[in-house]
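Okay, structure first, notes after.
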Amino acid sequence: MRTKLVLAGVGVATVGATVGGIAVAADTTSTVQAPYAQAAASVGPSGAVVQKTNTIASVSKTGTGAYCVVLASSVDAAKAVPAATLSTAAAWDSEVRVSRNSGACAANSIRVTTGTNGAAADQPFYLVIS
């Protein structure tokens with residue numbers, strides 16, 4: 001038997017819960033809607049939050065191309081599946097990487113690193129936590 005995975009929204013979407021096969025939103029949001037994600041954010045190159053769900057506690061820029069996204073206690077980073085993509089404002093030859101509970105960030109956080117041509121560089125990105 002085959003299973004289909006449907007990707008939508010800002011590139012990736014998963015269901016926080018299902019009821020009778022119908023997707024249920026994981027939480028209410030403050031400035032952005034991400035009904036199939038536990039948390040989501042749009043972050044500028046300076047680390048400033050452009051938009052976020054209520055389940056993003058904070059975002060900080062810790063160095064060139066290094067960002068820590070602390071999740072609300074209702075979202076467990078250890079069990080989360082983070083996905084990041086660069087904004088269209090990022091340079092074409094840029095990269096983005098994510099990791100869960102990195103020692104460089106506070107507990108229950110996602111570390112996002114961005115770069116250009118293999119070197120750290122500040123870039124705007126979107127983050128979705130499923």
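Residues in the structure tokens are named by chain (A, B, ... in the order shown) and by number from 1 within that chain; ligands are numbered from 1 in the order shown.
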Quick one: residues within 9 Å of A:Ala104, only C-alpha atoms counted, chain neighbours fewer than 5 positions away excluded, as a JSON list (two decimals) with all heavy atoms, in the first residue's frame?
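Result went into out-v7.json, see below:
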```json
[["chain", "number", "residue", "atom", "x", "y", "z"],
["A", 62, "THR", "N", 23.10, 34.91, 16.86],
["A", 62, "THR", "CA", 24.22, 34.69, 17.78],
["A", 62, "THR", "C", 25.58, 34.91, 17.13],
["A", 62, "THR", "O", 26.60, 34.82, 17.81],
["A", 62, "THR", "CB", 24.15, 33.28, 18.37],
["A", 62, "THR", "OG1", 24.21, 32.33, 17.31],
["A", 62, "THR", "CG2", 22.86, 33.10, 19.16],
["A", 68, "CYS", "N", 19.30, 31.32, 16.70],
["A", 68, "CYS", "CA", 18.68, 30.38, 17.64],
["A", 68, "CYS", "C", 17.20, 30.71, 17.72],
["A", 68, "CYS", "O", 16.83, 31.86, 18.01],
["A", 68, "CYS", "CB", 19.31, 30.49, 19.02],
["A", 68, "CYS", "SG", 21.02, 29.91, 19.06],
["A", 111, "ARG", "N", 18.51, 25.50, 15.85],
["A", 111, "ARG", "CA", 19.61, 26.36, 15.38],
["A", 111, "ARG", "C", 19.54, 26.39, 13.86],
["A", 111, "ARG", "O", 19.45, 25.36, 13.21],
["A", 111, "ARG", "CB", 20.95, 25.81, 15.82],
["A", 111, "ARG", "CG", 22.12, 26.67, 15.35],
["A", 111, "ARG", "CD", 23.41, 26.21, 16.04],
["A", 111, "ARG", "NE", 24.60, 26.80, 15.48],
["A", 111, "ARG", "CZ", 25.06, 28.01, 15.79],
["A", 111, "ARG", "NH1", 24.40, 28.75, 16.65],
["A", 111, "ARG", "NH2", 26.17, 28.47, 15.26]]
```
Would you pick out the contacts of A:Lys61 at 12 Å or less, using only C-alpha atoms, so that residues sharing its chain but fewer than 5 positions from it are not included, and give the list as a PyMOL selection string? chain A and resi 43-49+66-70+104-105+111-114+121-124
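Distances to A:Ala77 were evaluated for A:Val59, A:Ala89, A:Ile110, A:Ala37 using only C-alpha atoms, and the minimum falls at A:Ile110.
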Hey, can you check how far atom CA of A:Asn117 sits from atom CA of A:Thr64? 14.0 Å
Coordinates-based distance that separates atom CA of A:Gln38 from atom CA of A:Pro82 (Å, one decimal): 9.8 Å
Using only C-alpha atoms, determine which residues lie at most 12 Å from A:Asp76, disregarding the query and same-chain residues fewer than 2 positions distant; provide the list as a ChimeraX atom specification. /A:38-39,55-56,70-74,78-82,100-101,107-110,129-130
For the residues selected in the previous step, produce a file with N, CA, C and O atoms as a PDB file, in the first residue's frame.
```pdb
ATOM      1  N   GLN A  38       3.544  22.933  13.814  1.00  0.00           N
ATOM      2  CA  GLN A  38       3.568  23.225  15.248  1.00  0.00           C
ATOM      3  C   GLN A  38       4.061  24.652  15.497  1.00  0.00           C
ATOM      4  O   GLN A  38       3.659  25.293  16.455  1.00  0.00           O
ATOM      5  N   ALA A  39       4.964  25.106  14.639  1.00  0.00           N
ATOM      6  CA  ALA A  39       5.525  26.454  14.776  1.00  0.00           C
ATOM      7  C   ALA A  39       6.052  26.892  13.416  1.00  0.00           C
ATOM      8  O   ALA A  39       6.413  26.058  12.585  1.00  0.00           O
ATOM      9  N   THR A  55       3.889  29.866  18.956  1.00  0.00           N
ATOM     10  CA  THR A  55       4.721  28.793  19.496  1.00  0.00           C
ATOM     11  C   THR A  55       6.213  29.027  19.276  1.00  0.00           C
ATOM     12  O   THR A  55       7.023  28.183  19.622  1.00  0.00           O
ATOM     13  N   ILE A  56       6.577  30.166  18.711  1.00  0.00           N
ATOM     14  CA  ILE A  56       7.981  30.596  18.644  1.00  0.00           C
ATOM     15  C   ILE A  56       8.175  31.557  19.811  1.00  0.00           C
ATOM     16  O   ILE A  56       7.593  32.643  19.834  1.00  0.00           O
ATOM     17  N   VAL A  70      14.014  29.698  19.772  1.00  0.00           N
ATOM     18  CA  VAL A  70      13.531  29.007  20.960  1.00  0.00           C
ATOM     19  C   VAL A  70      12.034  28.767  20.795  1.00  0.00           C
ATOM     20  O   VAL A  70      11.282  29.689  20.469  1.00  0.00           O
ATOM     21  N   LEU A  71      11.630  27.521  21.036  1.00  0.00           N
ATOM     22  CA  LEU A  71      10.227  27.143  20.888  1.00  0.00           C
ATOM     23  C   LEU A  71       9.492  27.260  22.215  1.00  0.00           C
ATOM     24  O   LEU A  71      10.093  27.135  23.286  1.00  0.00           O
ATOM     25  N   ALA A  72       8.190  27.483  22.154  1.00  0.00           N
ATOM     26  CA  ALA A  72       7.356  27.501  23.350  1.00  0.00           C
ATOM     27  C   ALA A  72       7.364  26.108  23.970  1.00  0.00           C
ATOM     28  O   ALA A  72       7.637  25.111  23.291  1.00  0.00           O
ATOM     29  N   SER A  73       7.051  26.034  25.245  1.00  0.00           N
ATOM     30  CA  SER A  73       7.095  24.745  25.941  1.00  0.00           C
ATOM     31  C   SER A  73       6.108  23.726  25.373  1.00  0.00           C
ATOM     32  O   SER A  73       6.281  22.521  25.567  1.00  0.00           O
ATOM     33  N   SER A  74       5.110  24.164  24.637  1.00  0.00           N
ATOM     34  CA  SER A  74       4.135  23.248  24.043  1.00  0.00           C
ATOM     35  C   SER A  74       4.696  22.492  22.835  1.00  0.00           C
ATOM     36  O   SER A  74       4.078  21.551  22.346  1.00  0.00           O
ATOM     37  N   ALA A  78      13.084  18.260  20.575  1.00  0.00           N
ATOM     38  CA  ALA A  78      13.700  16.936  20.421  1.00  0.00           C
ATOM     39  C   ALA A  78      12.864  16.021  19.530  1.00  0.00           C
ATOM     40  O   ALA A  78      13.394  15.117  18.895  1.00  0.00           O
ATOM     41  N   LYS A  79      11.571  16.267  19.465  1.00  0.00           N
ATOM     42  CA  LYS A  79      10.677  15.431  18.656  1.00  0.00           C
ATOM     43  C   LYS A  79      10.209  16.135  17.394  1.00  0.00           C
ATOM     44  O   LYS A  79       9.457  15.581  16.613  1.00  0.00           O
ATOM     45  N   ALA A  80      10.642  17.369  17.202  1.00  0.00           N
ATOM     46  CA  ALA A  80      10.201  18.169  16.059  1.00  0.00           C
ATOM     47  C   ALA A  80      10.985  17.816  14.796  1.00  0.00           C
ATOM     48  O   ALA A  80      12.091  17.290  14.859  1.00  0.00           O
ATOM     49  N   VAL A  81      10.388  18.124  13.675  1.00  0.00           N
ATOM     50  CA  VAL A  81      11.057  17.995  12.381  1.00  0.00           C
ATOM     51  C   VAL A  81      11.148  19.399  11.791  1.00  0.00           C
ATOM     52  O   VAL A  81      10.184  19.912  11.247  1.00  0.00           O
ATOM     53  N   PRO A  82      12.315  20.049  11.940  1.00  0.00           N
ATOM     54  CA  PRO A  82      12.456  21.413  11.432  1.00  0.00           C
ATOM     55  C   PRO A  82      12.809  21.425   9.950  1.00  0.00           C
ATOM     56  O   PRO A  82      13.551  20.569   9.466  1.00  0.00           O
ATOM     57  N   ARG A 100      18.450  20.450  15.731  1.00  0.00           N
ATOM     58  CA  ARG A 100      17.632  20.511  16.941  1.00  0.00           C
ATOM     59  C   ARG A 100      18.527  20.517  18.175  1.00  0.00           C
ATOM     60  O   ARG A 100      19.529  19.814  18.228  1.00  0.00           O
ATOM     61  N   ASN A 101      18.150  21.297  19.169  1.00  0.00           N
ATOM     62  CA  ASN A 101      18.821  21.328  20.469  1.00  0.00           C
ATOM     63  C   ASN A 101      20.336  21.362  20.366  1.00  0.00           C
ATOM     64  O   ASN A 101      21.048  20.593  21.000  1.00  0.00           O
ATOM     65  N   ALA A 107      18.008  25.550  25.605  1.00  0.00           N
ATOM     66  CA  ALA A 107      17.224  24.317  25.557  1.00  0.00           C
ATOM     67  C   ALA A 107      15.948  24.537  24.742  1.00  0.00           C
ATOM     68  O   ALA A 107      15.456  25.654  24.637  1.00  0.00           O
ATOM     69  N   ASN A 108      15.442  23.462  24.171  1.00  0.00           N
ATOM     70  CA  ASN A 108      14.213  23.459  23.379  1.00  0.00           C
ATOM     71  C   ASN A 108      14.261  24.485  22.244  1.00  0.00           C
ATOM     72  O   ASN A 108      13.374  25.317  22.079  1.00  0.00           O
ATOM     73  N   SER A 109      15.324  24.406  21.460  1.00  0.00           N
ATOM     74  CA  SER A 109      15.486  25.366  20.367  1.00  0.00           C
ATOM     75  C   SER A 109      15.937  24.694  19.077  1.00  0.00           C
ATOM     76  O   SER A 109      16.375  23.541  19.065  1.00  0.00           O
ATOM     77  N   ILE A 110      15.822  25.447  18.022  1.00  0.00           N
ATOM     78  CA  ILE A 110      16.282  25.053  16.694  1.00  0.00           C
ATOM     79  C   ILE A 110      17.385  26.030  16.305  1.00  0.00           C
ATOM     80  O   ILE A 110      17.217  27.240  16.425  1.00  0.00           O
ATOM     81  N   ILE A 129       8.235  24.125  11.722  1.00  0.00           N
ATOM     82  CA  ILE A 129       8.454  23.013  12.635  1.00  0.00           C
ATOM     83  C   ILE A 129       7.242  22.097  12.574  1.00  0.00           C
ATOM     84  O   ILE A 129       6.121  22.516  12.864  1.00  0.00           O
ATOM     85  N   SER A 130       7.474  20.847  12.172  1.00  0.00           N
ATOM     86  CA  SER A 130       6.355  19.904  12.127  1.00  0.00           C
ATOM     87  C   SER A 130       6.559  18.822  13.143  1.00  0.00           C
ATOM     88  O   SER A 130       7.539  18.756  13.828  1.00  0.00           O
TER      89      SER A 130
END
```
What is the distance, in Å and to one decimal place, between atom CA of A:Thr53 and atom CA of A:Leu127?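 So the two atoms, atom CA of A:Thr53 and atom CA of A:Leu127, lie 10.7 Å apart.
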